[in-house]
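J.: Dropping in entry.csv, with CSV, C-alpha atoms.
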```
chain,number,residue,atom,x,y,z
A,1,MET,CA,7.0,-8.9,12.7
A,2,LEU,CA,4.8,-6.3,14.5
A,3,ILE,CA,6.6,-3.5,12.6
A,4,PHE,CA,5.8,-5.2,9.4
A,5,GLY,CA,2.1,-5.7,10.4
A,6,ILE,CA,1.8,-2.0,11.1
A,7,LEU,CA,3.6,-1.2,7.9
A,8,CYS,CA,1.2,-3.5,5.9
A,9,ILE,CA,-1.8,-1.6,7.3
A,10,PHE,CA,-0.4,1.7,6.3
A,11,LEU,CA,0.9,0.3,3.0
A,12,SER,CA,-2.6,-0.6,2.2
A,13,LEU,CA,-4.1,2.8,2.9
A,14,ASP,CA,-4.0,3.8,-0.8
A,15,VAL,CA,-6.0,0.7,-1.5
A,16,PHE,CA,-8.4,1.6,1.3
A,17,VAL,CA,-8.9,5.1,-0.2
A,18,CYS,CA,-9.6,3.4,-3.6
A,19,ALA,CA,-12.1,1.1,-1.9
A,20,LEU,CA,-13.8,4.1,-0.2
A,21,GLU,CA,-14.1,5.9,-3.5
A,22,HIS,CA,-15.4,2.8,-5.3
A,23,GLY,CA,-17.9,2.2,-2.5
A,24,ALA,CA,-19.1,5.8,-2.6
A,25,THR,CA,-19.8,5.6,-6.4
A,26,ILE,CA,-21.4,2.2,-6.8
A,27,ARG,CA,-25.2,2.0,-7.0
A,28,ASN,CA,-25.7,-1.7,-6.4
A,29,ILE,CA,-23.4,-3.8,-4.3
A,30,HIS,CA,-22.7,-7.4,-5.2
A,31,PHE,CA,-20.7,-9.3,-2.6
A,32,SER,CA,-19.0,-11.4,-5.3
A,33,LYS,CA,-17.8,-8.4,-7.2
A,34,VAL,CA,-16.5,-6.7,-4.1
A,35,LEU,CA,-14.7,-10.0,-3.1
A,36,THR,CA,-13.3,-10.3,-6.7
A,37,TYR,CA,-11.9,-6.8,-6.7
A,38,GLY,CA,-10.5,-7.2,-3.2
A,39,VAL,CA,-8.6,-10.3,-4.4
A,40,ILE,CA,-7.3,-8.4,-7.4
A,41,PHE,CA,-6.0,-5.6,-5.2
A,42,ALA,CA,-4.6,-8.1,-2.7
A,43,LEU,CA,-2.8,-10.2,-5.4
A,44,CYS,CA,-1.3,-7.1,-7.0
A,45,SER,CA,-0.1,-5.7,-3.7
A,46,ALA,CA,1.4,-9.0,-2.5
A,47,GLY,CA,2.9,-9.8,-5.9
A,48,MET,CA,4.5,-6.4,-6.3
A,49,PHE,CA,5.9,-6.7,-2.8
A,50,LEU,CA,7.4,-10.1,-3.6
A,51,LEU,CA,8.8,-8.8,-6.9
A,52,GLY,CA,10.4,-5.8,-5.1
A,53,HIS,CA,11.8,-8.1,-2.4
A,54,GLY,CA,13.1,-10.6,-4.9
A,55,MET,CA,14.7,-8.0,-7.2
A,56,SER,CA,16.4,-6.5,-4.2
A,57,MET,CA,17.7,-9.9,-3.1
A,58,TYR,CA,18.9,-10.6,-6.6
A,59,ILE,CA,20.4,-7.1,-7.3
A,60,PHE,CA,21.8,-6.2,-3.9
A,61,GLY,CA,22.5,-9.5,-2.4
A,62,ARG,CA,24.8,-9.8,0.7
A,63,PRO,CA,27.8,-7.9,-0.8
A,64,TRP,CA,25.6,-4.9,-1.4
A,65,ALA,CA,23.9,-5.0,2.0
A,66,THR,CA,25.3,-1.7,3.2
A,67,PHE,CA,24.2,0.0,0.0
A,68,ASN,CA,20.7,-1.6,0.4
A,69,LYS,CA,20.4,0.1,3.8
A,70,TYR,CA,20.6,3.4,2.1
A,71,VAL,CA,18.2,2.3,-0.6
A,72,ALA,CA,15.6,1.4,2.1
A,73,ILE,CA,16.0,4.7,3.8
A,74,PHE,CA,15.7,6.6,0.4
A,75,VAL,CA,12.6,4.6,-0.6
A,76,PHE,CA,10.8,5.3,2.7
A,77,LEU,CA,11.7,9.0,2.6
A,78,ILE,CA,10.5,9.4,-1.0
A,79,LEU,CA,7.2,7.5,-0.3
A,80,GLY,CA,6.6,9.4,2.9
A,81,ASN,CA,7.2,12.9,1.4
A,82,GLY,CA,5.3,12.0,-1.7
A,83,MET,CA,2.2,10.8,0.2
A,84,ILE,CA,2.2,13.9,2.5
A,85,ILE,CA,2.5,16.3,-0.5
A,86,TYR,CA,-0.2,14.4,-2.4
A,87,SER,CA,-2.5,14.6,0.6
A,88,PHE,CA,-2.4,18.4,0.4
A,89,LYS,CA,-2.6,18.6,-3.4
A,90,ARG,CA,-5.4,16.1,-3.8
A,91,GLY,CA,-8.7,17.8,-4.7
A,92,LYS,CA,-12.1,17.0,-3.3
A,93,PHE,CA,-13.5,13.6,-4.5
A,94,VAL,CA,-16.8,14.0,-6.4
A,95,GLU,CA,-19.1,11.1,-5.8
A,96,ARG,CA,-20.8,10.1,-9.1
A,97,LEU,CA,-22.7,6.9,-9.6
A,98,LYS,CA,-21.0,4.3,-11.9
A,99,GLU,CA,-20.8,0.6,-12.2
A,100,PHE,CA,-18.0,-1.9,-11.7
A,101,ASP,CA,-15.3,-1.7,-14.3
A,102,THR,CA,-12.8,-4.5,-14.2
A,103,LYS,CA,-10.2,-2.8,-16.4
A,104,GLU,CA,-10.1,0.3,-14.2
A,105,ILE,CA,-9.8,-1.9,-11.1
A,106,ILE,CA,-6.8,-3.8,-12.5
A,107,LYS,CA,-5.1,-0.6,-13.6
A,108,LEU,CA,-5.6,1.0,-10.2
A,109,ALA,CA,-4.4,-2.2,-8.5
A,110,LEU,CA,-1.2,-2.2,-10.5
A,111,ILE,CA,-0.6,1.5,-9.8
A,112,GLY,CA,-1.3,1.0,-6.2
A,113,GLY,CA,1.1,-1.9,-6.2
A,114,LEU,CA,4.0,0.4,-7.1
A,115,ASP,CA,4.4,1.5,-3.5
A,116,CYS,CA,4.3,-2.2,-2.4
A,117,PHE,CA,7.1,-2.8,-4.9
A,118,LEU,CA,9.2,0.0,-3.4
A,119,VAL,CA,8.5,-1.1,0.1
A,120,GLY,CA,9.5,-4.7,-0.9
A,121,VAL,CA,12.8,-3.3,-1.9
A,122,GLY,CA,13.1,-1.4,1.4
A,123,CYS,CA,12.0,-4.4,3.5
A,124,TYR,CA,14.8,-6.6,2.2
A,125,TYR,CA,17.1,-4.8,4.6
A,126,MET,CA,14.8,-5.6,7.6
A,127,ASN,CA,15.5,-9.4,7.2
A,128,LEU,CA,11.9,-10.4,7.7
A,129,PRO,CA,10.5,-13.7,6.3
A,130,PHE,CA,9.3,-12.4,2.9
A,131,LEU,CA,6.7,-15.1,2.2
A,132,MET,CA,5.0,-14.5,5.6
A,133,GLU,CA,5.2,-10.7,4.9
A,134,SER,CA,3.4,-11.1,1.5
A,135,PHE,CA,0.8,-13.4,3.0
A,136,VAL,CA,0.1,-10.9,5.8
A,137,LEU,CA,-0.1,-8.1,3.2
A,138,PHE,CA,-2.5,-10.2,1.1
A,139,LEU,CA,-4.9,-10.7,4.0
A,140,ILE,CA,-4.7,-7.1,5.2
A,141,VAL,CA,-5.4,-5.7,1.7
A,142,LEU,CA,-8.2,-8.1,1.1
A,143,CYS,CA,-10.0,-7.5,4.4
A,144,GLY,CA,-9.3,-3.8,4.3
A,145,TYR,CA,-10.6,-3.4,0.8
A,146,MET,CA,-13.8,-5.1,1.6
A,147,ILE,CA,-14.4,-3.2,4.8
A,148,HIS,CA,-13.5,0.2,3.3
A,149,PHE,CA,-15.7,-0.5,0.2
A,150,TYR,CA,-18.7,-0.9,2.5
A,151,ILE,CA,-17.7,2.1,4.6
A,152,GLY,CA,-17.5,4.1,1.4
A,153,TYR,CA,-20.9,2.8,0.2
A,154,TYR,CA,-22.7,3.7,3.4
A,155,ASN,CA,-20.7,6.8,4.5
A,156,GLY,CA,-19.1,8.3,1.4
A,157,ALA,CA,-15.4,9.0,0.8
A,158,GLY,CA,-14.6,12.0,2.9
A,159,TYR,CA,-11.4,10.8,4.6
A,160,GLN,CA,-9.0,10.3,1.7
A,161,LYS,CA,-6.6,13.2,2.5
A,162,ALA,CA,-6.2,12.1,6.1
A,163,TYR,CA,-5.5,8.5,5.0
A,164,TYR,CA,-2.7,9.7,2.6
A,165,PHE,CA,-1.2,12.0,5.2
A,166,LEU,CA,-1.2,9.2,7.8
A,167,CYS,CA,0.4,6.8,5.4
A,168,GLY,CA,3.2,9.4,4.5
A,169,ALA,CA,3.9,10.0,8.2
A,170,VAL,CA,4.3,6.3,8.8
A,171,TYR,CA,6.7,6.0,5.9
A,172,LEU,CA,8.8,8.9,7.3
A,173,PHE,CA,8.7,7.2,10.7
A,174,MET,CA,10.0,4.0,9.1
A,175,SER,CA,12.9,5.9,7.4
A,176,LEU,CA,13.7,7.5,10.7
A,177,SER,CA,13.8,4.2,12.4
A,178,LEU,CA,16.1,2.8,9.7
A,179,ILE,CA,18.4,5.8,10.1
A,180,LEU,CA,18.6,5.2,13.8
A,181,LYS,CA,19.2,1.5,13.3
A,182,LEU,CA,22.0,2.4,10.8
A,183,ILE,CA,23.6,4.9,13.2
A,184,ARG,CA,23.7,2.3,16.0
A,185,LEU,CA,25.6,-0.3,13.8
```
Give the structure from this file in structure tokens form.

T.:
Amino acid sequence: MLIFGILCIFLSLDVFVCALEHGATIRNIHFSKVLTYGVIFALCSAGMFLLGHGMSMYIFGRPWATFNKYVAIFVFLILGNGMIIYSFKRGKFVERLKEFDTKEIIKLALIGGLDCFLVGVGCYYMNLPFLMESFVLFLIVLCGYMIHFYIGYYNGAGYQKAYYFLCGAVYLFMSLSLILKLIRL
């Protein structure tokens, strides 16, 4: 469960970057709006995780368990490499003032939930209680979004590249740990 808690924190880093950027561009803070958008991100992340886990359970099931191990390793390798490459390619964020836009937030939450979906597929192999996992993910995303929104509001959004690189490194570590677990079996 500790591994999944750590994974949830790093899985939420793209949401944290989004919150930093939103906090850095908002002129007036309304706690209710920040809470609403945090809940939107948290629901999308937890829902996509559950969807990925459920599809993996349905598609792969127990007869395909060996194949699912390779899928999990592949998912974490792709996510890790993609995040590290993206951290180097990403340009400097320009802080421009704008107001809250619900449609943009929902679109970003769904896009950010794609990695949660893939991790849900990969976590099926880890045999963790998926309802508890999604609840922990919901809480971490909600709290992290709100904290990072205020950090972005008061300090700007200067650490996005480091967040993406760190997230990619954790995904690569997870794939390495799954490979080592597979070799021992």

J.: Nearest to Phe31 (chain A): which of A:Ala162, A:Met146, A:Ile151, A:Val71 is it, counting all atoms listed in the file?

T.: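 Smallest separation from Phe31 (chain A) among the options: A:Met146.
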
J.: Quick one: residues within 9 Å of Gly23 (chain A), all atoms listed in the file counted, chain neighbours fewer than 3 positions away excluded, as a count of residues only?

T.: 16

J.: For a test of reading the model, state the distance in Å between CA of Ser12 (chain A) and CA of Pro129 (chain A), rounded to one decimal.

T.: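 Distance reported for this atom pair: 19.0 Å.
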
J.: Compare A:Met132, A:Leu35, A:Ile179, A:Ala24 by their minimum atom-to-atom distance to Gly144 (chain A), counting all atoms listed in the file, and give me the closest one.

T.: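 Selected residue with least distance to Gly144 (chain A): A:Leu35.
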
J.: Kindly give the distance, in Å, that separates CA of Ile140 (chain A) and CA of Gly38 (chain A), rounded to a single decimal.

T.: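 Between these atoms lies a distance of 10.2 Å.
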